[in-house]
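Colleague: Pasting in a structure now, in structure tokens, and then I'll have a few things to ask.
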Amino acid sequence: MAKYIFVTGGVVSSLGKGVTAASIGRLLIDRRLRIRMIKMDPYLNVDPGTMNPFQHGEVYVTDDGAETDLDLGHYERFTGQPTSRKSNYTAGRIYWEVLNRERRGDYLGGTIQMIPHITDQIKAAIRAIDEPGVDVVLCEIGGTVGDIEGLTFLEAIRQMGLEHGRDNVMYIHLTYVPYIRAAGEIKTKPSQQSVAKLREIGITPDVLICRSEVAISEDARRKLSLFCNVPLHAVIEERDVEHSIYEIPLVLYEQGLDELILVHFRLARPPSRLTEWRRMVDRVLHPRRRVRIGVIGKYSELQDAYKSIYEALTHGGLAHDAAVDVVKIAAEELEQGDPARLLEPLQGILVPGGFGSRGIEGKIAAIRHARERGVPFLGICLGLQCAVIEFARHVASLDGAHTTEIEPGTPHPVVCLMEEQQGVQALGGTMRLGVWPCRLQPGSLAARLYGVTDISERHRHRYEVNNAYRERLEAAGLRVSGASPDGRLVEMVELADHPFFIATQAHPEFKSQPLAPHPLFAGLVGAALARGG
Ligand code: GLN
């Protein structure tokens, strides 16, 4: 049976608990442990699929088509291991399952209660990720200790400590140690109180990881150790990193966190030096070149809405020893005045996925600019749909071409709903989701980049290129370089007489990793570097 590590968060939200958990995952992978990661989110939505990116950031999609929390993206990028539907539970999903069982009569007339029914369901979900051969399950509890909605989750993991034995369970508490400028010192009280809250429930952390802007003095560490009841050597500092979140595994490694975990679990594994990871971080920190790539999104101000896109661009840069300076442009801004004003300085243009009408004409204007001026372009999901609309309108002379998502009465619905989506009413979990196979045309840019012709990528969309227009678009010069193996679904398009113009109906950003940059992103960065500017 696997060992369990639970990561909780204290004092404030947005501490980077997901990145910290993922970093711990990296340390364990480098110690040759087989791990699984899982995130429990105490909010009531069944999944984040229907949530506004303003509230929740990006929706991350797994191979098996689950719409999940963006922390799963960190898990995959840091550990190189795929996550699945089993890797993310919300309180809503837990309650849903318990209530369905109650309706089915599974509880034989019993009174259904938070303890034990909800807590049992939580424990079952956590344990379900354990499979034969897994050494350690790393479970992150979302939210902040002290939240009412998180209580059942903390109760469940407390019970697991008792049931599995304290040698087999480890509690890591991530806390915030603020620096008070006026007093010129850091304060440990919020952490003391957060740990006191945990101890009230019956959880004593084994490790305290302290997020802080400044160095934590030996004095402060002693104080944290004493008041939080954590051994001094298990008080770990996680100072703000200056350049890249990928430095965090190194920060934790330097303080011996991996060894601490192995000792707690009495596991013996050869020491690691984190060599490959360190080499990658070194390349992130010392790029030989820089390149400016514009991301034309609906929300330019939201860091989290395009998380995986930004990460994948960084990875694409790594493939060329280059740093990518991402220029975030709100598509709406391109709708006023001459778009070239904002687009001219860019060496490459990326139009990401999205929903709804806001900024659509700006995205189309950006794609037109890229097509006409030979600027390297990568379109993703809605970005492909916009590229097809732009090509239809301005090259194939299909005036007023549009997607029926935005313009149901368009004279030329070049992007529309496939039959299987036409009757769908419910919004949750009903899109084309998860991994779909795609066959690339030999000799196409896509095939050259991937280096193979049979690929698969993750999807999350309802609308598709309308096959009724395929011939006319192809006759006008749009190359359908990737399609579903049965040929029914257009998956990739490109332009032959352009240095780099390619778009995909999938979301390749979800599969890109710092140790394995995705070919489409590496291709875009390479082409942008070649363009210079
Ligand atoms: N809104 C478009 C669709 O549903 C694109 C979705 C996306 O970009 N993820 O097809």
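Ordering of the structure tokens sets the chain letters (A, B, ...); residue numbers start at 1 within each chain; ligands are numbered from 1 in the order shown.
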Within 10 Å of ligand 1, which residues show up when you count only C-alpha atoms and all ligand atoms? List them as number ranges by chain, please.
Modeller: A: 59, 351-357, 379-386, 403-406, 415-417, 431-433, 459-465, 504-507
Colleague: Excluding Arg211 of chain A and residues on its chain fewer than 2 positions from it, collect all residues at most 12 Å away from it, counting only C-alpha atoms, and give them as number ranges by chain.
Modeller: A: 9-17, 19-20, 173-179, 186-188, 191, 208-209, 213-216, 235-241, 248, 251-252
Colleague: Save out the residues we just selected, C-alpha atoms, as a CSV table (one decimal), in the first residue's frame.
Modeller:
chain,number,residue,atom,x,y,z
A,9,GLY,CA,-2.4,25.6,3.1
A,10,GLY,CA,-2.6,28.2,5.8
A,11,VAL,CA,-3.1,32.0,6.4
A,12,VAL,CA,-4.0,33.1,2.9
A,13,SER,CA,-4.9,31.6,-0.5
A,14,SER,CA,-2.7,32.0,-3.6
A,15,LEU,CA,0.4,30.7,-1.8
A,16,GLY,CA,1.3,28.5,-4.7
A,17,LYS,CA,0.2,25.3,-3.0
A,19,VAL,CA,3.3,24.4,-7.4
A,20,THR,CA,4.8,23.4,-4.1
A,173,HIS,CA,1.5,22.5,5.9
A,174,LEU,CA,2.3,25.4,3.6
A,175,THR,CA,2.0,28.7,5.4
A,176,TYR,CA,2.7,32.4,4.9
A,177,VAL,CA,5.2,34.3,7.0
A,178,PRO,CA,4.6,38.0,6.3
A,179,TYR,CA,7.3,40.6,6.4
A,186,ILE,CA,8.8,38.9,9.7
A,187,LYS,CA,5.9,37.7,11.8
A,188,THR,CA,5.2,34.1,12.8
A,191,SER,CA,1.4,30.5,11.0
A,208,LEU,CA,6.1,23.4,7.7
A,209,ILE,CA,6.9,25.1,4.4
A,213,GLU,CA,9.3,37.4,0.7
A,214,VAL,CA,12.5,37.6,2.7
A,215,ALA,CA,14.9,35.2,4.4
A,216,ILE,CA,13.6,33.5,7.6
A,235,VAL,CA,10.8,24.1,9.1
A,236,ILE,CA,11.5,24.8,5.4
A,237,GLU,CA,11.8,28.2,3.8
A,238,GLU,CA,10.2,28.8,0.4
A,239,ARG,CA,11.2,32.3,-0.5
A,240,ASP,CA,9.7,34.1,-3.5
A,241,VAL,CA,11.7,32.9,-6.5
A,248,ILE,CA,11.1,25.7,-6.5
A,251,VAL,CA,14.8,25.4,-3.3
A,252,LEU,CA,13.1,22.5,-1.4
Colleague: Counting only C-alpha atoms, which residue out of A:Arg290, A:Arg273, A:His498, A:Arg472 sits closest to Arg31 of chain A?
Modeller: A:Arg273
Colleague: Would you list, as an MDAnalysis selection string, the residues of segment 348-431 of chain A that end up in strand (DSSP E or B) under DSSP run on this structure's backbone?
Modeller: chainID A and resid 348:351 377:380 401:403 412:417
Colleague: Could you write out that same residue set with N, CA and C atoms as a compact mmCIF listing (two decimals), in the first residue's frame?
Modeller:
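Saved result, result.txt, follows:
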# COMPACT_ATOMS: atom_id res chain seq x y z
N GLY A 348 6.04 36.81 -33.28
CA GLY A 348 5.17 35.67 -33.47
C GLY A 348 3.82 35.98 -32.83
N ILE A 349 2.77 35.32 -33.33
CA ILE A 349 1.42 35.60 -32.83
C ILE A 349 0.74 34.28 -32.48
N LEU A 350 0.13 34.25 -31.28
CA LEU A 350 -0.61 33.07 -30.87
C LEU A 350 -2.03 33.49 -30.51
N VAL A 351 -3.01 32.80 -31.09
CA VAL A 351 -4.40 33.04 -30.70
C VAL A 351 -4.89 31.80 -29.97
N PHE A 377 2.59 32.16 -36.91
CA PHE A 377 1.29 32.14 -36.24
C PHE A 377 0.95 30.72 -35.78
N LEU A 378 0.46 30.65 -34.57
CA LEU A 378 -0.08 29.39 -34.05
C LEU A 378 -1.48 29.66 -33.50
N GLY A 379 -2.45 28.94 -34.02
CA GLY A 379 -3.83 29.09 -33.55
C GLY A 379 -4.25 27.86 -32.78
N ILE A 380 -4.93 28.08 -31.67
CA ILE A 380 -5.32 26.97 -30.82
C ILE A 380 -6.82 26.97 -30.60
N ALA A 401 -18.49 35.14 -43.60
CA ALA A 401 -18.25 33.81 -43.02
C ALA A 401 -18.07 33.96 -41.50
N HIS A 402 -18.59 32.99 -40.76
CA HIS A 402 -18.48 33.07 -39.30
C HIS A 402 -18.69 31.69 -38.68
N THR A 403 -18.59 31.66 -37.37
CA THR A 403 -18.95 30.44 -36.63
C THR A 403 -20.37 30.63 -36.10
N HIS A 412 -22.33 32.07 -44.32
CA HIS A 412 -21.34 31.01 -44.54
C HIS A 412 -20.84 30.45 -43.22
N PRO A 413 -21.58 29.48 -42.70
CA PRO A 413 -21.18 28.89 -41.40
C PRO A 413 -19.97 27.96 -41.57
N VAL A 414 -18.78 28.54 -41.67
CA VAL A 414 -17.59 27.70 -41.91
C VAL A 414 -17.20 26.92 -40.66
N VAL A 415 -17.68 27.37 -39.50
CA VAL A 415 -17.50 26.62 -38.26
C VAL A 415 -18.88 26.45 -37.65
N CYS A 416 -19.23 25.22 -37.31
CA CYS A 416 -20.60 24.98 -36.83
C CYS A 416 -20.63 23.79 -35.88
N LEU A 417 -21.82 23.49 -35.40
CA LEU A 417 -21.98 22.35 -34.50
C LEU A 417 -22.11 21.07 -35.30
Colleague: Run DSSP on the backbone and tell me which residues of segment 343-531 of chain A come out as helix (DSSP H, G or I); list them as an MDAnalysis selection string.
Modeller: chainID A and resid 343 360:373 382:394 419:422 445:450 467:475 508:511 519:531
Colleague: Nearest to Glu361 of chain A among A:Leu334, A:Leu398, A:Leu515, A:Leu524, with distances taken over only C-alpha atoms: which residue is it?
Modeller: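 Comparing A:Leu334, A:Leu398, A:Leu515, A:Leu524 against Glu361 of chain A, the winner is A:Leu334.
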